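Structure data follow from my_file.cif (mmCIF, C-alpha atoms and all ligand atoms):
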```cif
data_final
#
loop_
_atom_site.label_atom_id
_atom_site.label_comp_id
_atom_site.auth_asym_id
_atom_site.auth_seq_id
_atom_site.Cartn_x
_atom_site.Cartn_y
_atom_site.Cartn_z
CA MET T 82 -24.10 38.88 65.81
CA PRO T 83 -23.01 39.44 62.19
CA SER T 84 -24.84 37.23 59.82
CA SER T 85 -22.97 35.17 57.36
CA SER T 86 -26.12 34.51 55.41
CA ALA T 87 -26.08 35.76 51.82
CA SER T 88 -29.60 37.06 52.05
CA ASP T 89 -29.20 39.51 54.86
CA SER T 90 -26.29 41.61 53.74
CA PRO T 91 -25.35 43.17 50.37
CA VAL T 92 -21.67 42.46 50.99
CA PRO T 93 -21.87 38.72 50.98
CA LEU T 94 -24.30 39.00 48.00
CA LEU T 95 -21.69 40.87 45.99
CA ALA T 96 -19.07 38.34 47.09
CA GLN T 97 -21.28 35.51 45.95
CA HIS T 98 -21.74 37.12 42.54
CA GLN T 99 -17.99 37.54 42.21
CA HIS T 100 -17.52 34.02 43.43
CA ARG T 101 -19.83 32.70 40.69
CA ALA T 102 -18.01 34.70 38.03
CA LEU T 103 -14.69 33.42 39.33
CA LEU T 104 -16.02 29.88 39.37
CA ARG T 105 -17.26 30.25 35.78
CA THR T 106 -13.86 31.60 34.71
CA LEU T 107 -12.08 28.78 36.52
CA THR T 108 -14.40 26.14 35.06
CA LEU T 109 -13.82 27.56 31.58
CA ALA T 110 -10.06 27.65 32.13
CA LEU T 111 -10.12 24.08 33.42
CA ALA T 112 -12.16 22.93 30.40
CA CYS T 113 -9.68 24.60 28.04
CA LEU T 114 -6.78 23.07 29.92
CA LEU T 115 -8.39 19.63 29.79
CA ALA T 116 -9.08 20.00 26.08
CA ALA T 117 -5.46 21.02 25.51
CA CYS T 118 -4.23 18.14 27.65
CA ASN T 119 -6.54 15.79 25.80
CA ARG T 120 -5.10 16.92 22.50
CA LEU T 121 -1.57 16.56 23.84
CA ASP T 122 -2.34 13.19 25.41
CA ASN T 123 -4.07 11.86 22.37
CA PRO T 124 -3.07 13.74 19.24
CA VAL T 125 -3.54 10.58 17.15
CA TYR T 126 -6.62 10.14 14.95
CA HIS T 127 -7.47 6.66 13.65
CA ASP T 128 -9.93 5.55 11.02
CA GLN T 129 -10.47 2.49 8.86
CA PHE T 130 -12.40 1.47 5.78
CA PHE T 131 -12.36 -1.38 3.30
CA ALA T 132 -11.05 -0.94 -0.27
CA PHE T 133 -8.83 -2.80 -2.76
CA GLY T 134 -9.82 -6.04 -1.04
CA THR T 135 -8.12 -5.03 2.19
CA LEU T 136 -8.52 -2.92 5.30
CA ILE T 137 -7.25 0.63 4.78
CA ASP T 138 -6.02 1.98 8.10
CA LEU T 139 -5.47 5.71 8.53
CA THR T 140 -3.42 7.38 11.25
CA PHE T 141 -3.15 11.17 11.44
CA TYR T 142 -1.02 12.99 13.99
CA ASP T 143 -1.90 16.37 15.49
CA VAL T 144 -4.89 17.16 13.30
CA ASP T 145 -8.09 18.86 14.45
CA PRO T 146 -10.61 15.97 14.83
CA ALA T 147 -13.26 17.60 12.59
CA ARG T 148 -10.73 18.18 9.84
CA ALA T 149 -9.39 14.65 10.28
CA LYS T 150 -12.85 13.17 9.92
CA GLN T 151 -13.54 15.21 6.80
CA ALA T 152 -10.23 14.19 5.22
CA SER T 153 -10.80 10.56 6.08
CA ARG T 154 -14.27 10.58 4.46
CA ALA T 155 -12.85 12.22 1.32
CA LEU T 156 -10.10 9.61 1.21
CA GLU T 157 -12.59 6.78 1.59
CA GLN T 158 -14.66 8.11 -1.32
CA ALA T 159 -11.58 8.52 -3.52
CA PHE T 160 -10.39 4.97 -2.71
CA MET T 161 -13.82 3.49 -3.48
CA GLN T 162 -13.82 5.24 -6.85
CA MET T 163 -10.25 4.17 -7.72
CA HIS T 164 -10.97 0.62 -6.64
CA SER T 165 -13.98 0.28 -8.94
CA ASP T 166 -12.32 2.16 -11.85
CA TRP T 167 -9.16 0.03 -11.74
CA HIS T 168 -10.67 -3.35 -10.92
CA ALA T 169 -9.13 -6.22 -12.89
CA TRP T 170 -12.20 -8.39 -13.27
CA GLN T 171 -15.30 -6.43 -12.29
CA PRO T 172 -17.07 -4.02 -14.70
CA GLY T 173 -15.46 -0.59 -14.66
CA ALA T 174 -13.19 1.78 -16.58
CA LEU T 175 -10.21 -0.63 -16.74
CA GLN T 176 -12.37 -3.44 -18.01
CA GLN T 177 -13.62 -1.13 -20.78
CA VAL T 178 -10.02 -0.36 -21.73
CA ASN T 179 -9.24 -4.09 -21.82
CA GLN T 180 -12.28 -4.81 -23.93
CA GLN T 181 -11.58 -2.02 -26.44
CA LEU T 182 -7.92 -3.04 -26.71
CA ALA T 183 -8.89 -6.67 -27.31
CA GLU T 184 -11.53 -5.81 -29.91
CA GLU T 185 -10.04 -2.82 -31.73
CA GLY T 186 -6.39 -2.57 -30.66
CA GLN T 187 -7.05 0.87 -29.25
CA ALA T 188 -8.98 2.52 -26.45
CA THR T 189 -9.94 6.02 -25.40
CA THR T 190 -9.99 6.77 -21.70
CA ASP T 191 -9.73 9.69 -19.27
CA PRO T 192 -6.43 11.44 -18.44
CA ALA T 193 -6.23 9.93 -14.94
CA MET T 194 -6.48 6.38 -16.26
CA ALA T 195 -4.02 7.15 -19.07
CA ALA T 196 -1.47 8.50 -16.55
CA LEU T 197 -1.88 5.39 -14.40
CA LEU T 198 -1.35 3.02 -17.34
CA GLN T 199 1.61 5.00 -18.62
CA GLU T 200 3.32 4.82 -15.23
CA ALA T 201 2.59 1.08 -15.02
CA ASN T 202 4.16 0.60 -18.47
CA ARG T 203 7.21 2.69 -17.53
CA LEU T 204 7.88 0.66 -14.37
CA SER T 205 7.30 -2.58 -16.26
CA THR T 206 10.00 -1.61 -18.76
CA LEU T 207 12.42 -0.74 -15.91
CA SER T 208 11.77 -4.13 -14.29
CA ASN T 209 12.67 -6.01 -17.53
CA GLY T 210 9.04 -7.12 -17.59
CA LEU T 211 9.18 -8.97 -14.25
CA PHE T 212 6.48 -6.58 -13.07
CA ASN T 213 4.13 -7.00 -16.02
CA PRO T 214 0.69 -5.38 -15.65
CA LEU T 215 -0.42 -6.85 -19.02
CA ILE T 216 -0.65 -10.50 -17.89
CA GLY T 217 -4.34 -10.41 -16.92
CA ARG T 218 -4.98 -13.57 -18.92
CA LEU T 219 -2.39 -15.55 -16.95
CA VAL T 220 -3.67 -14.28 -13.59
CA ALA T 221 -7.21 -15.23 -14.67
CA LEU T 222 -6.05 -18.68 -15.81
CA TRP T 223 -4.64 -19.30 -12.33
CA GLY T 224 -8.06 -18.42 -10.90
CA PHE T 225 -7.03 -15.26 -9.05
CA HIS T 226 -9.66 -13.08 -10.72
CA ASN T 227 -11.92 -13.83 -7.81
CA ASP T 228 -12.54 -12.35 -4.37
CA GLU T 229 -11.71 -15.69 -2.78
CA PRO T 230 -8.47 -17.50 -3.73
CA PRO T 231 -9.15 -20.55 -5.96
CA SER T 232 -9.16 -24.04 -4.50
CA GLY T 233 -7.04 -25.65 -7.24
CA PRO T 234 -5.88 -27.76 -8.96
CA PRO T 235 -3.37 -25.61 -10.89
CA PRO T 236 -4.15 -25.03 -14.59
CA ALA T 237 -3.00 -27.51 -17.23
CA GLU T 238 0.62 -27.01 -18.28
CA ASP T 239 -0.16 -26.65 -21.98
CA LEU T 240 -2.64 -23.85 -21.25
CA ILE T 241 0.03 -22.03 -19.24
CA ARG T 242 2.56 -22.56 -22.02
CA GLN T 243 0.19 -21.16 -24.66
CA LEU T 244 -0.25 -17.94 -22.69
CA VAL T 245 3.46 -17.64 -21.90
CA GLU T 246 4.29 -17.89 -25.59
CA GLN T 247 2.04 -14.88 -26.19
CA VAL T 248 2.89 -12.78 -23.13
CA PRO T 249 2.65 -9.10 -24.13
CA THR T 250 5.26 -6.62 -22.91
CA SER T 251 5.21 -2.88 -22.28
CA ALA T 252 6.64 -2.38 -25.79
CA ASP T 253 3.33 -3.67 -27.19
CA VAL T 254 1.26 -0.81 -25.77
CA HIS T 255 1.50 2.90 -26.29
CA VAL T 256 -0.22 5.69 -24.34
CA ASP T 257 -0.64 9.05 -26.04
CA GLY T 258 -2.85 11.56 -24.26
CA LYS T 259 -6.12 9.75 -23.61
CA GLN T 260 -5.45 7.28 -26.41
CA ILE T 261 -4.04 3.82 -25.73
CA SER T 262 -3.02 1.54 -28.55
CA SER T 263 -1.94 -2.07 -28.49
CA ARG T 264 -0.34 -4.17 -31.18
CA HIS T 265 -0.80 -7.40 -29.26
CA PRO T 266 -4.13 -9.24 -29.08
CA ALA T 267 -3.34 -10.78 -25.64
CA VAL T 268 -2.98 -7.45 -23.78
CA ARG T 269 -5.17 -7.49 -20.63
CA TYR T 270 -4.29 -5.00 -17.93
CA ASP T 271 -4.30 -6.37 -14.36
CA LEU T 272 -3.17 -3.72 -11.89
CA GLY T 273 -3.26 -5.96 -8.82
CA ALA T 274 0.47 -5.41 -8.23
CA PHE T 275 0.33 -1.64 -8.66
CA ALA T 276 -3.09 -0.07 -8.12
CA LYS T 277 -2.88 0.00 -4.31
CA GLY T 278 0.45 1.82 -4.41
CA TYR T 279 -0.71 4.30 -7.03
CA ALA T 280 -3.90 4.91 -5.02
CA ILE T 281 -1.92 5.55 -1.84
CA ASP T 282 0.15 8.20 -3.64
CA ARG T 283 -3.08 9.89 -4.78
CA GLY T 284 -4.42 9.57 -1.22
CA ILE T 285 -1.34 11.26 0.24
CA GLU T 286 -1.75 14.14 -2.25
CA LEU T 287 -5.36 14.48 -1.15
CA LEU T 288 -4.39 14.62 2.54
CA GLN T 289 -1.71 17.22 1.86
CA GLU T 290 -4.24 19.37 -0.02
CA GLN T 291 -6.37 19.23 3.15
CA GLY T 292 -3.47 20.51 5.23
CA ILE T 293 -2.60 17.17 6.84
CA ALA T 294 1.16 16.90 7.20
CA HIS T 295 1.62 13.89 9.50
CA ALA T 296 -0.10 10.70 8.45
CA ILE T 297 0.11 7.04 7.51
CA ILE T 298 -2.09 5.37 4.91
CA ASN T 299 -1.73 1.64 5.52
CA ALA T 300 -3.35 -0.82 3.10
CA GLY T 301 -3.00 -4.24 4.72
CA GLY T 302 0.64 -3.70 5.71
CA ASP T 303 1.66 -1.74 2.59
CA LEU T 304 1.90 1.90 3.52
CA CYS T 305 3.10 5.42 2.97
CA ALA T 306 4.02 7.72 5.86
CA ILE T 307 4.40 11.49 5.71
CA GLY T 308 5.76 13.79 8.40
CA ARG T 309 6.37 12.52 11.91
CA HIS T 310 4.71 11.08 14.99
CA GLY T 311 5.23 14.22 17.07
CA LYS T 312 8.83 14.46 18.26
CA ARG T 313 9.78 11.04 16.94
CA PRO T 314 9.66 9.48 13.45
CA TRP T 315 6.93 7.01 12.52
CA ARG T 316 7.92 3.46 13.37
CA ILE T 317 6.32 0.55 11.50
CA GLY T 318 6.64 -3.24 11.49
CA ILE T 319 7.37 -5.60 8.58
CA ARG T 320 5.40 -8.80 8.86
CA ASP T 321 7.20 -12.12 9.29
CA PRO T 322 6.30 -14.15 6.17
CA ARG T 323 6.23 -17.46 8.01
CA LYS T 324 4.84 -16.82 11.49
CA PRO T 325 2.45 -14.36 13.09
CA GLY T 326 4.16 -11.18 14.21
CA VAL T 327 6.81 -8.76 13.12
CA LEU T 328 10.10 -9.72 11.44
CA ALA T 329 11.69 -6.30 11.78
CA SER T 330 10.71 -2.72 12.40
CA ILE T 331 11.87 0.46 10.79
CA GLU T 332 11.74 4.19 11.41
CA LEU T 333 10.50 6.24 8.49
CA THR T 334 12.08 9.61 8.04
CA GLY T 335 10.34 12.04 5.75
CA ASP T 336 7.86 10.78 3.21
CA GLU T 337 8.43 7.09 2.54
CA SER T 338 6.51 4.01 1.48
CA VAL T 339 7.12 0.43 2.56
CA PHE T 340 5.64 -2.35 0.42
CA THR T 341 5.91 -6.12 0.76
CA SER T 342 4.89 -8.77 -1.75
CA GLY T 343 4.44 -12.16 -0.11
CA ASP T 344 3.42 -15.69 -1.05
CA TYR T 345 1.12 -15.74 2.00
CA GLU T 346 -1.34 -13.09 0.78
CA ARG T 347 -3.41 -15.08 -1.73
CA PHE T 348 -2.72 -18.74 -2.39
CA PHE T 349 -4.15 -22.24 -2.55
CA GLU T 350 -2.58 -25.57 -1.68
CA HIS T 351 -2.84 -28.61 -3.87
CA GLU T 352 -1.24 -31.97 -3.08
CA GLY T 353 0.97 -30.36 -0.46
CA GLN T 354 2.22 -27.54 -2.69
CA ARG T 355 1.49 -23.86 -2.33
CA TYR T 356 0.41 -21.92 -5.44
CA HIS T 357 0.32 -18.16 -4.84
CA HIS T 358 -0.71 -15.09 -6.81
CA ILE T 359 2.63 -13.60 -7.92
CA ILE T 360 3.27 -15.01 -11.37
CA ASP T 361 6.63 -15.12 -13.13
CA PRO T 362 5.70 -13.90 -16.64
CA ARG T 363 8.59 -15.97 -18.08
CA SER T 364 7.30 -19.33 -16.85
CA GLY T 365 3.63 -18.56 -16.26
CA ASN T 366 3.92 -20.18 -12.81
CA PRO T 367 4.00 -18.62 -9.34
CA ALA T 368 7.53 -17.27 -8.72
CA GLY T 369 9.22 -19.82 -6.50
CA ALA T 370 12.47 -18.64 -4.97
CA VAL T 371 11.44 -16.17 -2.28
CA VAL T 372 8.56 -15.91 0.16
CA SER T 373 8.59 -12.13 0.61
CA ALA T 374 10.12 -9.01 -0.91
CA THR T 375 10.10 -5.66 0.91
CA VAL T 376 10.95 -2.33 -0.67
CA ILE T 377 11.23 1.21 0.71
CA HIS T 378 10.82 4.07 -1.75
CA PRO T 379 9.47 7.64 -1.56
CA LEU T 380 6.61 6.74 -3.94
CA ALA T 381 4.11 4.03 -3.06
CA ALA T 382 3.45 3.22 -6.75
CA THR T 383 7.14 2.48 -7.39
CA ALA T 384 7.44 0.53 -4.12
CA ASP T 385 4.43 -1.61 -5.05
CA ALA T 386 5.64 -2.41 -8.58
CA ALA T 387 9.20 -3.01 -7.35
CA ALA T 388 8.17 -5.35 -4.51
CA THR T 389 6.39 -7.54 -7.08
CA ALA T 390 9.27 -7.32 -9.60
CA LEU T 391 11.95 -8.17 -6.99
CA PHE T 392 9.86 -11.04 -5.66
CA VAL T 393 9.87 -12.48 -9.20
CA ALA T 394 13.56 -11.60 -9.73
CA GLY T 395 14.58 -13.71 -6.71
CA PRO T 396 17.84 -13.92 -4.69
CA ASP T 397 20.30 -13.57 -7.60
CA ALA T 398 18.77 -11.10 -10.03
CA TRP T 399 17.17 -8.60 -7.63
CA PRO T 400 20.05 -6.07 -7.25
CA ALA T 401 20.22 -5.33 -11.00
CA ILE T 402 16.45 -4.84 -11.25
CA ALA T 403 16.39 -2.70 -8.07
CA ARG T 404 19.07 -0.42 -9.56
CA GLN T 405 17.12 -0.07 -12.80
CA MET T 406 13.94 0.79 -10.91
CA GLY T 407 15.73 3.35 -8.73
CA VAL T 408 15.09 1.45 -5.50
CA GLU T 409 17.59 1.98 -2.67
CA TYR T 410 16.29 -0.32 0.08
CA VAL T 411 15.39 -3.98 -0.41
CA MET T 412 14.97 -7.08 1.75
CA LEU T 413 14.00 -10.53 0.47
CA VAL T 414 13.27 -13.61 2.57
CA ASP T 415 13.99 -16.81 0.64
CA ARG T 416 12.41 -20.24 1.04
CA GLU T 417 15.10 -21.30 3.53
CA GLY T 418 14.45 -18.23 5.67
CA ARG T 419 17.67 -16.47 4.64
CA ILE T 420 17.55 -12.68 4.51
CA HIS T 421 18.89 -11.02 1.35
CA MET T 422 19.38 -7.28 1.51
CA ASN T 423 21.66 -4.36 0.72
CA PRO T 424 23.78 -2.55 3.35
CA ALA T 425 21.57 0.57 3.33
CA MET T 426 18.53 -1.57 4.18
CA GLN T 427 20.36 -3.39 6.96
CA ALA T 428 21.33 -0.06 8.51
CA ARG T 429 17.64 0.80 8.88
CA LEU T 430 16.11 -2.47 10.04
CA ILE T 431 15.67 -3.42 13.68
CA PHE T 432 15.15 -7.21 13.71
CA GLU T 433 12.96 -8.81 16.39
CA SER T 434 15.51 -11.61 16.66
CA LYS T 435 18.88 -11.90 14.96
CA PRO T 436 18.45 -13.61 11.55
CA ASP T 437 20.36 -16.90 11.15
CA THR T 438 21.70 -16.06 7.70
CA ILE T 439 22.07 -12.72 6.00
CA VAL T 440 23.19 -12.58 2.38
CA MET T 441 24.40 -9.05 1.80
CA SER T 442 24.44 -7.57 -1.70
CA GLU T 443 26.78 -4.91 -3.01
CA THR T 444 25.71 -1.31 -2.46
CA LEU T 445 22.87 -0.57 -4.85
P1 LIG Y 1 -0.20 -7.91 -2.94
O1 LIG Y 1 -1.40 -7.57 -3.77
O2 LIG Y 1 -0.39 -9.11 -2.10
O3 LIG Y 1 0.39 -6.76 -2.24
P2 LIG Y 1 1.45 -7.76 -5.27
O4 LIG Y 1 1.57 -6.29 -5.17
O5 LIG Y 1 2.72 -8.48 -5.60
O6 LIG Y 1 0.91 -8.41 -3.97
O7 LIG Y 1 0.35 -8.06 -6.37
C1 LIG Y 1 -0.01 -9.34 -6.78
C2 LIG Y 1 -1.12 -9.23 -7.82
O8 LIG Y 1 -0.60 -8.62 -9.01
C3 LIG Y 1 -1.71 -10.54 -8.26
O9 LIG Y 1 -2.86 -10.86 -7.53
C4 LIG Y 1 -2.02 -10.29 -9.73
O10 LIG Y 1 -3.26 -9.63 -9.84
C5 LIG Y 1 -0.95 -9.35 -10.16
N1 LIG Y 1 0.30 -9.99 -10.63
C6 LIG Y 1 0.75 -11.26 -10.42
N2 LIG Y 1 2.00 -11.43 -10.93
C7 LIG Y 1 2.34 -10.25 -11.48
C8 LIG Y 1 3.51 -9.79 -12.17
N3 LIG Y 1 4.57 -10.57 -12.39
N4 LIG Y 1 3.51 -8.50 -12.61
C9 LIG Y 1 2.45 -7.71 -12.42
N5 LIG Y 1 1.34 -8.07 -11.78
C10 LIG Y 1 1.27 -9.33 -11.31
MG MG Y 2 3.11 -4.98 -5.77
#
```
Would you write out, as structure tokens, the structure that this file holds?
Ligand code: ADP
Ligand code: MG
Amino acid sequence: MPSSSASDSPVPLLAQHQHRALLRTLTLALACLLAACNRLDNPVYHDQFFAFGTLIDLTFYDVDPARAKQASRALEQAFMQMHSDWHAWQPGALQQVNQQLAEEGQATTDPAMAALLQEANRLSTLSNGLFNPLIGRLVALWGFHNDEPPSGPPPAEDLIRQLVEQVPTSADVHVDGKQISSRHPAVRYDLGAFAKGYAIDRGIELLQEQGIAHAIINAGGDLCAIGRHGKRPWRIGIRDPRKPGVLASIELTGDESVFTSGDYERFFEHEGQRYHHIIDPRSGNPAGAVVSATVIHPLAATADAAATALFVAGPDAWPAIARQMGVEYVMLVDREGRIHMNPAMQARLIFESKPDTIVMSETL
């Protein structure tokens, strides 16, 4: 009777050897296939860290996980450094600039800081001073130079008036190389309305240098997206300023930033009234007419400055300021819940539920 046992015949032995080789090849092929499937099934890499007082959320699409991790660590380090260098009230490079300007009317800094301040001044001029990064003294008076929002009451009116009478403008400061000069004793840089946007632009540059072409850097709802989410564009949500959830969503094509300034981010209530952190430099009080302003622009720095400026500008003045700042897409929500926007913005927004009132501006 022929044996089928492997040990008693060279033929089955050879077959077993081949069988093992085949099995190894198949196992390897299966592992490769699974890895490929895995990558296709889950080509999204997520990471998070804390900087600029908010959660920074990273999403990369179709990036090798090791490279993604490396890029994300580099980004975290860069954000930590920028956060401490540009902090408005903690010791760091910006505070040194503020101190030197206050004491001597001039300051020497590094080229990166000089470029940041020059861009802030440029955008401030374009916003007619509604985005004013020199009003650190007013922001401090309102108690917002603190990790936690203040508890109130609001500052005395005569103190506010004194600071408003001396509000510096971008014409009072001059950046030349690494040299900054000021002809106004009240100049105190506060980059709270701008630093996050400028940092996101630097972060995107860093990712692109690392070969990452499809990504979102999201800093607490303010974000810049590059590339695509595979075959489809990135789709993001704009927060509803008055209830949890999304007001509208939008598809981002190409490299675009979406920034929102809202009265719900940092505020205190006193005797039934809300006092928030976006100050109208003309009155010295929190800007009162709108509850949120959303801007889309290729650059995060411009989007950040413009969202703040258009929040202050309010429902009537915003189109003129948007044009000056080169912003093409704007949506404001006013205190009555009405939506103010331009036709190009409306064409891109997908509202969760149809807004009751839309006030449409002329084409920007
Ligand atoms: P968020 O930080 O919530 O995104 P903004 O970008 O509008 O909102 O920044 C608000 C911060 O900017 C304030 O906390 C303050 O530090 C500073 N700030 C307040 N009012 C102005 C203003 N009119 N121009 C420039 N900076 C401002
Ligand atoms: Mg801003």
Emit as AutoDock Vina command-line options the padded axis-aligned box for all listed atoms of segment 138-151 of chain T, 3 Å per side, with centre and edge lengths in Å to one decimal.
```
--center_x -7.3 --center_y 10.4 --center_z 11.1 --size_x 18.5 --size_y 22.9 --size_z 14.7
```
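Distance check against Ser232 of chain T using all atoms listed in the file: of T:Phe160, T:Phe392, T:Phe340, T:Tyr356, the minimum falls on T:Tyr356.
Across T:Glu200, T:Gly224, T:Val254, T:Asn366, the tightest approach to Glu238 of chain T is made by T:Asn366 when counting all atoms listed in the file.
Residues lying within 10 Å of Thr383 of chain T, counting all atoms listed in the file and ignoring same-chain neighbours fewer than 4 positions away, are T:Glu200, T:Ala201, T:Leu204, T:Phe275, T:Gly278, T:Tyr279, T:Asp282, T:Ser338, T:Phe340, T:Val376, T:Ile377, T:His378, T:Pro379, T:Ala387, T:Ala388, T:Met406, T:Gly407, T:Val408.
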Ref. answer, residues at most 12 Å from (-9.9, -6.6, -1.8) with only C-alpha atoms, as a PyMOL selection string
chain T and resi 130-137+160-161+164-165+167-171+225-230+273+276-277+300-301+346-347
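Near ligand MG 2 (chain Y), at a distance of at most 6 Å and with all atoms listed in the file counted, sit the residues Ala274, Phe275, Ser342, Asp385, Ala386, Ala388 and Thr389 of chain T.
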Closest of T:Arg320, T:Arg419, T:Pro362, T:Ala174 to Glu246 of chain T - atom-to-atom distances counting all atoms listed in the file:
T:Pro362
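For the choices T:Cys305, T:Ser373, T:Met422, T:Ala329, the atom-to-atom distance to Arg283 of chain T is smallest for T:Cys305 when using only C-alpha atoms.
Minimum distance to ligand LIG 1 (chain Y) across T:Val411, T:Val248, T:Leu430, T:Leu139 (counting all atoms listed in the file) occurs at T:Val248.
Excluding Gly318 of chain T and any residue on its chain fewer than 5 positions from it, the residues at most 7 Å away by all atoms listed in the file are Val327, Ala329, Ser330 and Ile331 of chain T.
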Select, from T:Pro367, T:Pro214, T:Pro236, T:Gly258, the residue with the minimum atom-to-atom distance to ligand LIG 1 (chain Y), counting all atoms listed in the file.
T:Pro214
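Atom to atom, atom CA of Val125 of chain T and atom CA of Tyr142 of chain T stand 4.7 Å apart.
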Within 12 Å of (3.8, 10.2, 6.7), in the coordinates the file gives, what residues turn up when you count only C-alpha atoms, written out as number ranges by chain?
T: 139-142, 281-282, 284-286, 288-289, 293-299, 304-311, 313-317, 332-339, 379-381
May I have the residues within 10 Å of Glu185 of chain T as a ChimeraX atom specification, using all atoms listed in the file and disregarding those fewer than 5 positions away in the same chain?
/T:180,262-264,266
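Our summary of the geometry notes that atom CA of Ala193 of chain T is positioned 26.6 Å from atom CA of Asp128 of chain T.
As for atom N3 of ligand LIG 1 (chain Y) and atom CA of Val371 of chain T, they are spaced 13.4 Å apart.
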I'd like the neighbourhood of Arg404 of chain T as a ChimeraX atom specification, where a residue qualifies if any of its atoms comes within 10 Å (using only C-alpha atoms), though same-chain residues fewer than 2 positions away should be ignored.
/T:207-208,399-402,406-409,444-445
